[in-house]
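Have a look at the structure below, then the notes.
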Amino acid sequence: MASRFLERLGIAQPLVLAPMSGASTPALVAAVSNGGGLGSHGVGYLEPQAILDEAAKIRALTDRPFALNLFVLPDGVHEDEAAIDHARAALDALMEHEGLAVRTTRPERWAPRFSDQFAALCEARPPVASFTFNLLTPRQIEELQRRDIIVIGSATSLAEVRAWAALGVDAISLQGAEAGGHRGTFLHAPEEAVIGLFALIRLAARAVNVPLIAGGGIMDGRGMLAAEMLGAAVSQLGTAFLGCPESAAAAAWKHDLPGTDDTRVTTIRSFSGRAARGRRNTYVDAMEAQAGHFPAYPVMNALTSPLRKAAAAAGRGDLVSEWCGQAASLSRAMPATDLVAILLEEYAQARANLA
Ligand SMILES: Cc1cc2nc3c(=O)[nH]c(=O)nc-3n(C[C@H](O)[C@H](O)[C@H](O)COP(=O)(O)O)c2cc1C
């Protein structure tokens, strides 16, 4: 099934660049696609026109297959005024204490509307589209497949794997507990769906007959082969690419990555209102205890945006949302094309050693 799936994707190597909103860029996507893998771009924070623009930029850099990724969210946003006031007061106080001149604002809109983003994605017609945070409707899946777009759903538990499989998606992306960035969990409380990638691949492989994409803590060719041995068709790497010059991660965040202590990589709610894996830093130490009083995603994400931007501009990695997986210190700061070549060489070597 694995080689048939690679053929279907139109890629030669079992490597997917994980979609990373705020960090993946057209240049990073193209480097992985041109290197024989599948580059994915996280466009979940973008308005419809920007999604179309990003797809055009990718196409200008590669004629190889690529994927676009969206967060599946309701169009309406719940505004909890008490939680918004609490968060604004806490954030403004922190910025004052840390010497940042900006303050929170109430944006015109908390986030782009998913239905508009979905329409833009259909118009952009990427060869592959992946989705996280919730299921699509059968009608949305049909709309994508009618356009010959290969559809991937993201799962963090066996129940979520089964739910996507029942919808007839083309592949399922397994997000192990090790993975950096937002947890895609939608059927459970996030603290309940922290299944390690080893367990999740085996559970999924025994339960469904759908190609599996393995993500979470894979940083090198050995990890890619291990995922394949367990039953995955392809490995999906995110944190491994964060340090590349083509990644849009803030310079301070890139600087901090190699020195990341594995015990400091934790689940954080206070940046966005949704559980995400990243580095514990000054912001997290100051704010995480109050996370239960803050508004949910995407409201909290929008409220922390000015702080995160100002901190990044000031080189204050300790106040930025430094999303990363558990093996962040294995990241390698090098051009993405070189990293792809090294990963594939390591993978081939590991296979040869095993044989
Ligand atoms: C900075 C960052 C942003 C991310 N943004 C997204 C996203 O927009 N959509 C998504 O499905 N997953 C997102 N993820 C999760 C990745 O797709 C993937 O599950 C994860 O990177 C795999 O684990 P690893 O980081 O240990 O390689 C993000 C991860 C990171 C590190």
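Residue numbering restarts at 1 in every chain; chains get A, B, ... in the order shown in the structure tokens, and ligands count up from 1 in that same order.
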- request: Would you mind listing the residues within 7 Å of ligand 1, counting only C-alpha atoms and all ligand atoms, as JSON, numbers by chain?
  value: {"A": [18, 19, 20, 21, 22, 23, 42, 43, 44, 69, 70, 71, 130, 131, 132, 154, 175, 178, 179, 180, 181, 182, 184, 215, 216, 217, 218, 219, 236, 237, 238, 239, 240, 323, 324, 325, 326, 327]}
May I have the selected residues written with C-alpha atoms, as a PDB file, in the first residue's frame?
```pdb
ATOM      1  CA  ALA A  18       4.539  18.987   7.892  1.00  0.00           C
ATOM      2  CA  PRO A  19       2.217  21.933   7.354  1.00  0.00           C
ATOM      3  CA  MET A  20       3.299  24.612   9.840  1.00  0.00           C
ATOM      4  CA  SER A  21       1.166  27.734  10.024  1.00  0.00           C
ATOM      5  CA  GLY A  22       3.424  30.677  10.739  1.00  0.00           C
ATOM      6  CA  ALA A  23       6.572  28.701   9.837  1.00  0.00           C
ATOM      7  CA  GLY A  42      -0.077  25.549   6.658  1.00  0.00           C
ATOM      8  CA  VAL A  43      -2.401  28.336   5.479  1.00  0.00           C
ATOM      9  CA  GLY A  44      -4.877  28.162   8.366  1.00  0.00           C
ATOM     10  CA  ASN A  69      -3.497  22.610   5.013  1.00  0.00           C
ATOM     11  CA  LEU A  70      -6.404  24.241   6.866  1.00  0.00           C
ATOM     12  CA  PHE A  71      -7.805  24.258  10.416  1.00  0.00           C
ATOM     13  CA  SER A 130      -4.857  18.179   4.587  1.00  0.00           C
ATOM     14  CA  PHE A 131      -7.119  19.184   7.466  1.00  0.00           C
ATOM     15  CA  THR A 132      -6.833  19.320  11.233  1.00  0.00           C
ATOM     16  CA  SER A 154      -5.354  14.465  10.865  1.00  0.00           C
ATOM     17  CA  GLN A 175      -0.129  13.268  15.038  1.00  0.00           C
ATOM     18  CA  GLU A 178       5.580  14.106  20.490  1.00  0.00           C
ATOM     19  CA  ALA A 179       4.525  16.498  17.727  1.00  0.00           C
ATOM     20  CA  GLY A 180       5.205  20.223  17.784  1.00  0.00           C
ATOM     21  CA  GLY A 181       2.463  22.802  17.286  1.00  0.00           C
ATOM     22  CA  HIS A 182      -1.262  22.693  17.956  1.00  0.00           C
ATOM     23  CA  GLY A 184      -5.359  18.412  16.246  1.00  0.00           C
ATOM     24  CA  GLY A 215       4.279  12.670  12.476  1.00  0.00           C
ATOM     25  CA  GLY A 216       5.716  13.537  15.859  1.00  0.00           C
ATOM     26  CA  GLY A 217       9.345  13.574  16.950  1.00  0.00           C
ATOM     27  CA  ILE A 218      10.807  12.232  13.671  1.00  0.00           C
ATOM     28  CA  MET A 219      14.022  14.168  13.071  1.00  0.00           C
ATOM     29  CA  GLN A 236       5.857  13.853   8.173  1.00  0.00           C
ATOM     30  CA  LEU A 237       8.530  16.105   9.681  1.00  0.00           C
ATOM     31  CA  GLY A 238       7.885  19.589  11.034  1.00  0.00           C
ATOM     32  CA  THR A 239      10.309  20.622  13.767  1.00  0.00           C
ATOM     33  CA  ALA A 240      13.219  19.163  11.763  1.00  0.00           C
ATOM     34  CA  TRP A 323       6.252  25.575  18.953  1.00  0.00           C
ATOM     35  CA  CYS A 324       8.375  22.465  18.575  1.00  0.00           C
ATOM     36  CA  GLY A 325       8.272  18.702  18.985  1.00  0.00           C
ATOM     37  CA  GLN A 326       9.912  16.711  21.757  1.00  0.00           C
ATOM     38  CA  ALA A 327      13.130  16.082  19.795  1.00  0.00           C
TER      39      ALA A 327
END
```
message: So that I can see what lies close to range 348-354 of chain A, please list as number ranges by chain the residues with an atom at most 9 Å from it, counting only C-alpha atoms and leaving out residues fewer than 4 positions away in the same chain.
response: A: 221-222, 225, 343-344
field: DSSP strand (DSSP E) selection over range 119-334 of chain A, as a ChimeraX atom specification
entry: /A:128-132,150-155,171-175,181-182,212-215,234-237,265-268,276-279
Any chance you could tabulate, as a Markdown table, the residues of range 70-123 of chain A at most 12 Å from range 272-281 of chain A with each one's nearest atom pair and distance in Å to one decimal, using only C-alpha atoms, in chain and rising number order?
```
| residue | atom | partner | partner_atom | distance |
| --- | --- | --- | --- | --- |
| A:Ala83 | CA | A:Gly273 | CA | 10.7 |
| A:Ile84 | CA | A:Gly273 | CA | 11.1 |
| A:Ala87 | CA | A:Gly273 | CA | 10.4 |
| A:Trp110 | CA | A:Ser272 | CA | 11.5 |
| A:Ala111 | CA | A:Ser272 | CA | 11.8 |
```
Let's have the selection written as a compact mmCIF listing (two decimals), in the first residue's frame, with N, CA and C atoms.
```txt
# COMPACT_ATOMS: atom_id res chain seq x y z
N ALA A 83 -13.67 36.60 29.83
CA ALA A 83 -12.37 35.96 29.55
C ALA A 83 -11.50 36.89 28.70
N ILE A 84 -12.13 37.60 27.76
CA ILE A 84 -11.36 38.54 26.92
C ILE A 84 -10.76 39.64 27.80
N ALA A 87 -7.87 38.26 29.86
CA ALA A 87 -6.67 38.02 29.06
C ALA A 87 -5.99 39.33 28.69
N TRP A 110 -11.70 37.93 14.56
CA TRP A 110 -10.77 37.10 15.35
C TRP A 110 -9.97 36.16 14.46
N ALA A 111 -10.57 35.73 13.34
CA ALA A 111 -9.89 34.77 12.46
C ALA A 111 -10.61 34.76 11.11
```
task: Excluding Pro190 in chain A and any residue of its chain fewer than 2 positions from it, enumerate the residues within 10 Å of it, using only C-alpha atoms, and give them as a VMD selection string.
output: chain A and resid 156 183 to 188 192 to 194 267 274 to 276
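Nearest to Pro306 in chain A of all the residues A:Thr105, A:Thr260, A:Asn34, A:Ser40 is A:Thr105, counting only C-alpha atoms.
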Quick one: residues within 10 Å of Ala204 in chain A, only C-alpha atoms, excluding same-chain residues fewer than 3 positions away - as an mmCIF file with C-alpha atoms, in the first residue's frame?
```cif
data_model
loop_
_atom_site.group_PDB
_atom_site.id
_atom_site.type_symbol
_atom_site.label_atom_id
_atom_site.label_comp_id
_atom_site.auth_asym_id
_atom_site.auth_seq_id
_atom_site.Cartn_x
_atom_site.Cartn_y
_atom_site.Cartn_z
ATOM 1 C CA ALA A 155 -5.923 12.205 13.902
ATOM 2 C CA SER A 157 -6.339 8.874 18.672
ATOM 3 C CA LEU A 158 -7.733 5.620 17.354
ATOM 4 C CA ALA A 159 -11.305 6.975 17.498
ATOM 5 C CA GLU A 160 -10.251 9.954 15.336
ATOM 6 C CA VAL A 161 -8.501 7.593 12.895
ATOM 7 C CA ARG A 162 -11.704 5.577 12.553
ATOM 8 C CA ILE A 172 -4.738 9.804 7.537
ATOM 9 C CA LEU A 174 -1.208 10.560 12.626
ATOM 10 C CA ALA A 199 1.440 3.223 19.744
ATOM 11 C CA LEU A 200 -0.702 5.303 17.394
ATOM 12 C CA ILE A 201 0.790 3.854 14.197
ATOM 13 C CA ALA A 207 -7.770 -0.834 12.562
ATOM 14 C CA VAL A 208 -8.051 0.756 9.110
ATOM 15 C CA ASN A 209 -7.024 0.084 5.549
ATOM 16 C CA VAL A 210 -6.011 3.651 4.676
ATOM 17 C CA PRO A 211 -2.453 4.920 4.016
ATOM 18 C CA LEU A 212 -0.937 6.409 7.172
ATOM 19 C CA GLY A 231 3.202 0.536 9.285
ATOM 20 C CA ALA A 232 3.299 4.147 8.089
#
```
- request: Write out as a ChimeraX atom specification the residues lying within 7 Å of Leu52 in chain A, counting only C-alpha atoms and excluding same-chain residues fewer than 3 positions away.
  value: /A:48-49,55-56,120,124
- request: In Å, rounded to a single decimal, give me how far CA of Asn134 in chain A is from CA of Asp85 in chain A.
  value: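 We find that CA of Asp85 in chain A and CA of Asn134 in chain A lie 28.0 Å from each other.
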task: Extract the full set of alpha helix (DSSP H) residues from range 201-316 of chain A according to DSSP on the backbone, and format it as a count of residues only.
output: 48
- request: Might you pull out every residue within 7 Å of Ala336 in chain A, with only C-alpha atoms counted and same-chain residues fewer than 4 positions away left off, and present them as a PyMOL selection string?
  value: chain A and resi 28+31+241+244+246+340
